[in-house]
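*Asks:* Here it is, the structure, as structure tokens.
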Amino acid sequence: MKVSLIEQFGKGKSTAKDLEVIILSILLFIFLLIRLVQAFRLTNLNAWQDQVMFVDPAANLYFGNGFTSSTWFAQTKDKFWAGYPPLYALLLYLWMQLFDFGIHTAHSLNCFLAVACAVILWKSVIRLNIITLARNRLILITLLLLQLAYTSGGDARPDILMACLAVACLLVCSIRIFWLRYTLLVALCSLFPIAGLALPAYSVVLCSLLLIYLRRSFLRDYIFIIVGLLIGSLAIYILYSINGVLDGFINSIINNPTLSGFSQRDKFGGLFGNRILQLLVAVCFSFVTYKVVKGQFSWFSKLSFGVTSIFWIPIGMRLAGAFQFNYSWMLVIPLAICISANLDSFFRISLDRRVSLLIAGSFLILCLVISPYTNFVNLVLNWKYSDYSRIEFFVQENIKENEWVFSDAVTYFAVKKGGRIVIWKPYLDMISSKEKEKVSVLIVRPQDLPLLQGKLGGNWYKHGESLIVSYREQVAELGIYRRK
């Protein structure tokens, strides 16, 4: 009796291994293609705030101005940048060395980090035998790519770097040679504090849950992970102490205006603001209900771990600061693994082909509705208006090479391209009187002008014509103002 390739694929036969790799490659190619197209375009007029702050230190280093920034809120631009752990900014600097500075460079790094994260996770669940069927592994990777694109797939933020390091830790735990495993585990985890403030906290929360479920089999790994975190924290302390900016780093943590401006709901934004996560939570509880009714639920199962994660990861991250929208991958990844590993028991019966197609089609439509690929459709429909070269031409025609510029987030990449000093809103609390006098031009929206006149002083006049930029329902007028 012949067995179709699809049936072999569903059953995880060895002949389906090549098919799994082919489908995975197609998924990654489509993801990368869409994200790279978006990386060259203007896709939002109001959501480029944080990435200006993360790009500026790398850009200054690239243009020979040192590892400094004039966009942060806790230190002046003449000091070694300590607004956030430096690993992402240093990687972005190396990326600029390869591909020059520009909007495409800042946005494309995370596209490739997301692909690396997907490949590492796929290899990890195979080596650890967590998900045995190829079909379920591909569902896992699809969910991961949707999540990474949904939250920060193209923005220049360190969140995907943190996710990549976290899943790399899972892969290292699959190594059977003890000395190599624990050496790499310590080395990798020592990068966690250097990559992001949230990653060490997340590691402690997640590993504590794993220790409860895996007990003694995970105890040694847990100890070496903690050792790595301590080494990385010590490295951060030494780095900032040597450069005399430890106080600035501490102030950046304690007096972060982003967190202080969050409502209590926003501090759980990773749970309440993510539709992909909400879908996974609903699926997880449906699976648990089914298992309980059938009398098959186990308190130390993967499904039980998923339910526990739903409660304790957001609470743990909230206690550490906030479980904001960009951190939702911290729950999506373990929850998607737990759900994907339990799909077998719910699909053991042979389904009619039409029913299978209906389920697959419904899943695809759902993904399109909740995923950022709807943004890609909007990008195509608004292709003319998303052309960033319009903004670059506007800046080139109106701004001189060596001017100090206060810039809107939308025009930052165009202004910074010549290596200019760019001032951004958070820095207004730190700017000195001499630096205020050096700011000779503003590229801002008219509604922001009164605030800037109060902060920077002086009298300003409108210079030339404004640039009207629009994307979907968003419209912004960008005007140029010079000192009288």
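By convention here, the chains of the structure tokens are called A, B, ... in the order presented, each chain's residues are numbered starting at 1, and ligands are numbered starting at 1 in the order presented.
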Running DSSP on the backbone, which parts of stretch 1-199 of chain A land in helix (DSSP H, G or I), as a ChimeraX atom specification?

*Replies:* /A:5-11,14-39,49-62,87-99,103-127,134-151,159-172,178-189,192-195,198-199

*Asks:* Go ahead and save the residues from that selection, with C-alpha atoms, as a short mmCIF file (atom, residue, chain, number, x, y, z; two decimals), in the first residue's frame.

*Replies:*
data_model
loop_
_atom_site.label_atom_id
_atom_site.label_comp_id
_atom_site.auth_asym_id
_atom_site.auth_seq_id
_atom_site.Cartn_x
_atom_site.Cartn_y
_atom_site.Cartn_z
CA LEU A 5 4.40 12.14 0.91
CA ILE A 6 1.99 14.27 2.93
CA GLU A 7 1.09 11.31 5.13
CA GLN A 8 4.77 10.51 5.65
CA PHE A 9 5.36 14.14 6.51
CA GLY A 10 2.59 14.13 9.08
CA LYS A 11 3.96 10.96 10.65
CA SER A 14 12.69 9.89 7.58
CA THR A 15 11.74 10.53 3.95
CA ALA A 16 10.03 13.74 5.10
CA LYS A 17 13.20 15.30 6.53
CA ASP A 18 14.14 16.92 3.25
CA LEU A 19 10.59 18.21 2.85
CA GLU A 20 10.71 19.76 6.31
CA VAL A 21 13.93 21.59 5.47
CA ILE A 22 12.46 22.78 2.16
CA ILE A 23 9.29 24.12 3.78
CA LEU A 24 11.31 25.73 6.58
CA SER A 25 13.54 27.42 3.99
CA ILE A 26 10.49 28.72 2.14
CA LEU A 27 9.01 30.11 5.36
CA LEU A 28 12.25 31.87 6.25
CA PHE A 29 12.71 33.21 2.72
CA ILE A 30 9.19 34.68 2.61
CA PHE A 31 9.64 36.20 6.07
CA LEU A 32 13.01 37.70 5.18
CA LEU A 33 11.82 39.02 1.83
CA ILE A 34 8.81 40.79 3.34
CA ARG A 35 10.79 42.24 6.23
CA LEU A 36 13.64 43.47 4.01
CA VAL A 37 11.18 45.22 1.70
CA GLN A 38 9.71 46.93 4.73
CA ALA A 39 13.18 47.83 6.02
CA GLN A 49 10.58 56.75 18.99
CA ASP A 50 12.68 54.16 20.84
CA GLN A 51 14.79 53.08 17.91
CA VAL A 52 16.25 56.58 17.49
CA MET A 53 17.71 56.15 20.97
CA PHE A 54 19.16 52.71 20.20
CA VAL A 55 20.58 53.66 16.79
CA ASP A 56 22.28 56.92 17.80
CA PRO A 57 25.20 55.42 19.83
CA ALA A 58 26.04 53.01 16.99
CA ALA A 59 25.74 55.81 14.42
CA ASN A 60 28.04 58.13 16.39
CA LEU A 61 30.62 55.37 16.69
CA TYR A 62 30.32 54.71 12.96
CA LEU A 87 25.72 44.64 22.93
CA TYR A 88 22.94 45.54 20.46
CA ALA A 89 24.45 48.95 19.66
CA LEU A 90 27.85 47.35 19.04
CA LEU A 91 26.31 44.74 16.72
CA LEU A 92 24.49 47.53 14.89
CA TYR A 93 27.79 49.40 14.52
CA LEU A 94 29.38 46.31 12.93
CA TRP A 95 26.32 45.99 10.68
CA MET A 96 26.85 49.59 9.57
CA GLN A 97 30.47 48.79 8.78
CA LEU A 98 29.21 46.17 6.34
CA PHE A 99 26.22 47.99 4.80
CA ILE A 103 17.24 53.32 7.39
CA HIS A 104 17.79 49.95 5.70
CA THR A 105 20.78 49.12 7.89
CA ALA A 106 19.02 49.95 11.14
CA HIS A 107 15.96 47.90 10.24
CA SER A 108 17.54 44.92 8.49
CA LEU A 109 19.70 43.65 11.38
CA ASN A 110 16.66 42.41 13.30
CA CYS A 111 15.35 40.70 10.16
CA PHE A 112 18.39 38.43 10.05
CA LEU A 113 18.45 37.99 13.83
CA ALA A 114 14.83 36.77 13.63
CA VAL A 115 15.78 34.19 11.00
CA ALA A 116 18.71 33.05 13.15
CA CYS A 117 16.37 32.78 16.14
CA ALA A 118 13.97 30.58 14.14
CA VAL A 119 16.72 28.24 12.91
CA ILE A 120 18.21 27.89 16.40
CA LEU A 121 14.82 27.12 17.94
CA TRP A 122 14.01 24.57 15.23
CA LYS A 123 17.33 22.80 15.79
CA SER A 124 16.91 22.94 19.57
CA VAL A 125 13.52 21.20 19.72
CA ILE A 126 14.89 18.48 17.43
CA ARG A 127 18.02 17.86 19.49
CA ALA A 134 8.04 17.81 11.52
CA ARG A 135 4.57 19.27 11.00
CA ASN A 136 4.42 20.49 14.57
CA ARG A 137 7.91 21.95 14.43
CA LEU A 138 6.93 23.98 11.39
CA ILE A 139 3.84 25.23 13.19
CA LEU A 140 6.13 26.32 16.04
CA ILE A 141 8.45 28.21 13.70
CA THR A 142 5.50 29.85 11.95
CA LEU A 143 4.20 31.08 15.30
CA LEU A 144 7.66 32.35 16.23
CA LEU A 145 8.08 34.30 12.98
CA LEU A 146 4.61 35.80 13.31
CA GLN A 147 5.41 36.87 16.85
CA LEU A 148 8.81 38.40 16.06
CA ALA A 149 7.39 40.29 13.09
CA TYR A 150 4.33 41.38 15.08
CA THR A 151 6.25 43.01 17.94
CA ASP A 159 14.34 42.61 21.75
CA ILE A 160 15.01 40.09 18.97
CA LEU A 161 18.68 39.89 19.97
CA MET A 162 17.53 38.93 23.47
CA ALA A 163 15.16 36.31 22.03
CA CYS A 164 17.97 34.91 19.88
CA LEU A 165 20.29 34.56 22.89
CA ALA A 166 17.54 32.91 24.93
CA VAL A 167 16.84 30.19 22.34
CA ALA A 168 20.60 29.74 21.82
CA CYS A 169 20.75 28.83 25.51
CA LEU A 170 18.18 26.11 24.80
CA LEU A 171 20.39 24.76 22.01
CA VAL A 172 23.47 24.73 24.25
CA PHE A 178 29.46 18.14 29.76
CA TRP A 179 32.55 20.38 29.76
CA LEU A 180 31.60 21.92 26.41
CA ARG A 181 27.98 22.35 27.43
CA TYR A 182 28.70 24.20 30.64
CA THR A 183 31.55 26.27 29.22
CA LEU A 184 29.28 27.50 26.43
CA LEU A 185 26.39 27.96 28.86
CA VAL A 186 28.43 30.26 31.10
CA ALA A 187 29.87 32.14 28.11
CA LEU A 188 26.46 32.61 26.50
CA CYS A 189 24.66 33.63 29.68
CA PHE A 192 22.61 38.29 28.75
CA PRO A 193 23.22 41.35 30.99
CA ILE A 194 25.21 42.95 28.16
CA ALA A 195 22.33 42.42 25.72
CA ALA A 198 15.10 42.41 30.82
CA LEU A 199 16.97 39.27 29.77
#

*Asks:* Identify, on the basis of only C-alpha atoms, every residue whose closest approach to stretch 72-83 of chain A does not exceed 7 Å; exclude the query and any residue fewer than 3 positions from it along the same chain; express the result as a PDB file with N, CA and C atoms, in the first residue's frame.

*Replies:*
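The resulting file, selection_0.pdb, is reproduced below:
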ATOM      1  N   MET A  53      16.822  56.205  19.810  1.00  0.00           N
ATOM      2  CA  MET A  53      17.706  56.154  20.973  1.00  0.00           C
ATOM      3  C   MET A  53      18.693  54.990  20.896  1.00  0.00           C
ATOM      4  N   PRO A  57      23.835  55.760  19.381  1.00  0.00           N
ATOM      5  CA  PRO A  57      25.196  55.420  19.827  1.00  0.00           C
ATOM      6  C   PRO A  57      25.994  54.677  18.755  1.00  0.00           C
ATOM      7  N   PHE A  67      31.547  56.382  21.201  1.00  0.00           N
ATOM      8  CA  PHE A  67      30.358  55.636  21.630  1.00  0.00           C
ATOM      9  C   PHE A  67      29.540  56.540  22.539  1.00  0.00           C
ATOM     10  N   THR A  68      28.851  57.507  21.915  1.00  0.00           N
ATOM     11  CA  THR A  68      28.126  58.544  22.639  1.00  0.00           C
ATOM     12  C   THR A  68      26.728  58.685  22.048  1.00  0.00           C
ATOM     13  N   SER A  69      25.895  59.489  22.719  1.00  0.00           N
ATOM     14  CA  SER A  69      24.550  59.701  22.205  1.00  0.00           C
ATOM     15  C   SER A  69      23.997  61.034  22.681  1.00  0.00           C
ATOM     16  N   ASN A 243      34.789  53.707  32.663  1.00  0.00           N
ATOM     17  CA  ASN A 243      34.471  54.890  31.856  1.00  0.00           C
ATOM     18  C   ASN A 243      33.766  55.988  32.649  1.00  0.00           C
ATOM     19  N   VAL A 245      30.805  56.162  34.121  1.00  0.00           N
ATOM     20  CA  VAL A 245      29.399  56.437  33.786  1.00  0.00           C
ATOM     21  C   VAL A 245      28.452  55.482  34.512  1.00  0.00           C
ATOM     22  N   GLY A 248      25.288  57.169  35.590  1.00  0.00           N
ATOM     23  CA  GLY A 248      24.377  57.404  34.472  1.00  0.00           C
ATOM     24  C   GLY A 248      23.598  56.158  34.103  1.00  0.00           C
ATOM     25  N   PHE A 249      24.262  55.020  34.163  1.00  0.00           N
ATOM     26  CA  PHE A 249      23.586  53.757  33.863  1.00  0.00           C
ATOM     27  C   PHE A 249      22.510  53.461  34.902  1.00  0.00           C
ATOM     28  N   ASN A 251      20.959  55.658  36.787  1.00  0.00           N
ATOM     29  CA  ASN A 251      19.880  56.633  36.590  1.00  0.00           C
ATOM     30  C   ASN A 251      18.987  56.247  35.415  1.00  0.00           C
ATOM     31  N   SER A 252      19.579  55.687  34.369  1.00  0.00           N
ATOM     32  CA  SER A 252      18.788  55.254  33.221  1.00  0.00           C
ATOM     33  C   SER A 252      17.813  54.150  33.604  1.00  0.00           C
ATOM     34  N   PRO A 426      14.233  63.142  24.531  1.00  0.00           N
ATOM     35  CA  PRO A 426      14.681  62.802  25.885  1.00  0.00           C
ATOM     36  C   PRO A 426      15.923  63.572  26.331  1.00  0.00           C
ATOM     37  N   TYR A 427      16.759  63.991  25.366  1.00  0.00           N
ATOM     38  CA  TYR A 427      18.008  64.673  25.715  1.00  0.00           C
ATOM     39  C   TYR A 427      17.767  66.110  26.176  1.00  0.00           C
ATOM     40  N   ASP A 429      16.307  67.166  28.663  1.00  0.00           N
ATOM     41  CA  ASP A 429      16.467  67.281  30.114  1.00  0.00           C
ATOM     42  C   ASP A 429      17.934  67.337  30.533  1.00  0.00           C
ATOM     43  N   MET A 430      18.843  66.978  29.608  1.00  0.00           N
ATOM     44  CA  MET A 430      20.271  66.939  29.925  1.00  0.00           C
ATOM     45  C   MET A 430      21.077  67.995  29.176  1.00  0.00           C
ATOM     46  N   ILE A 431      20.516  68.597  28.156  1.00  0.00           N
ATOM     47  CA  ILE A 431      21.268  69.479  27.271  1.00  0.00           C
ATOM     48  C   ILE A 431      21.781  70.707  28.025  1.00  0.00           C
TER      49      ILE A 431
END

*Asks:* Could you pull the residues within 9 Å of A:Ile337, counting only C-alpha atoms, minus those fewer than 2 positions along the same chain, as a VMD selection string?

*Replies:* chain A and resid 125 130 to 131 137 140 302 306 332 to 335 339 to 342

*Asks:* Using only C-alpha atoms, which residue out of A:Phe40, A:Phe406, A:Phe101, A:Tyr84 lies closest to A:Phe63?

*Replies:* A:Phe101

*Asks:* Could you check how far atom CA of A:Lys416 sits from atom CA of A:Gln324, in Å to one decimal?

*Replies:* 28.8 Å

*Asks:* In terms of the shortest atom-to-atom distance over only C-alpha atoms, which of A:Ile313, A:Ala336, A:Thr43, A:Ile236 is closest to A:Leu279?

*Replies:*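 Residue with the minimum atom-to-atom distance to A:Leu279: A:Ala336.
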
*Asks:* Interatomic distance between atom CA of A:Leu319 and atom CA of A:Asn274?

*Replies:*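 Computing it gives 19.8 Å between the two atoms.
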
*Asks:* Counting only C-alpha atoms, what is within 10 Å of A:Glu477, bar same-chain residues fewer than 6 positions away, as a ChimeraX atom specification?

*Replies:* /A:443-447,466-470

*Asks:* Figure out the distance between atom CA of A:Glu392 and atom CA of A:Glu437, please, to one decimal in Å.

*Replies:*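 About the pair atom CA of A:Glu437 and atom CA of A:Glu392: they are 25.4 Å apart.
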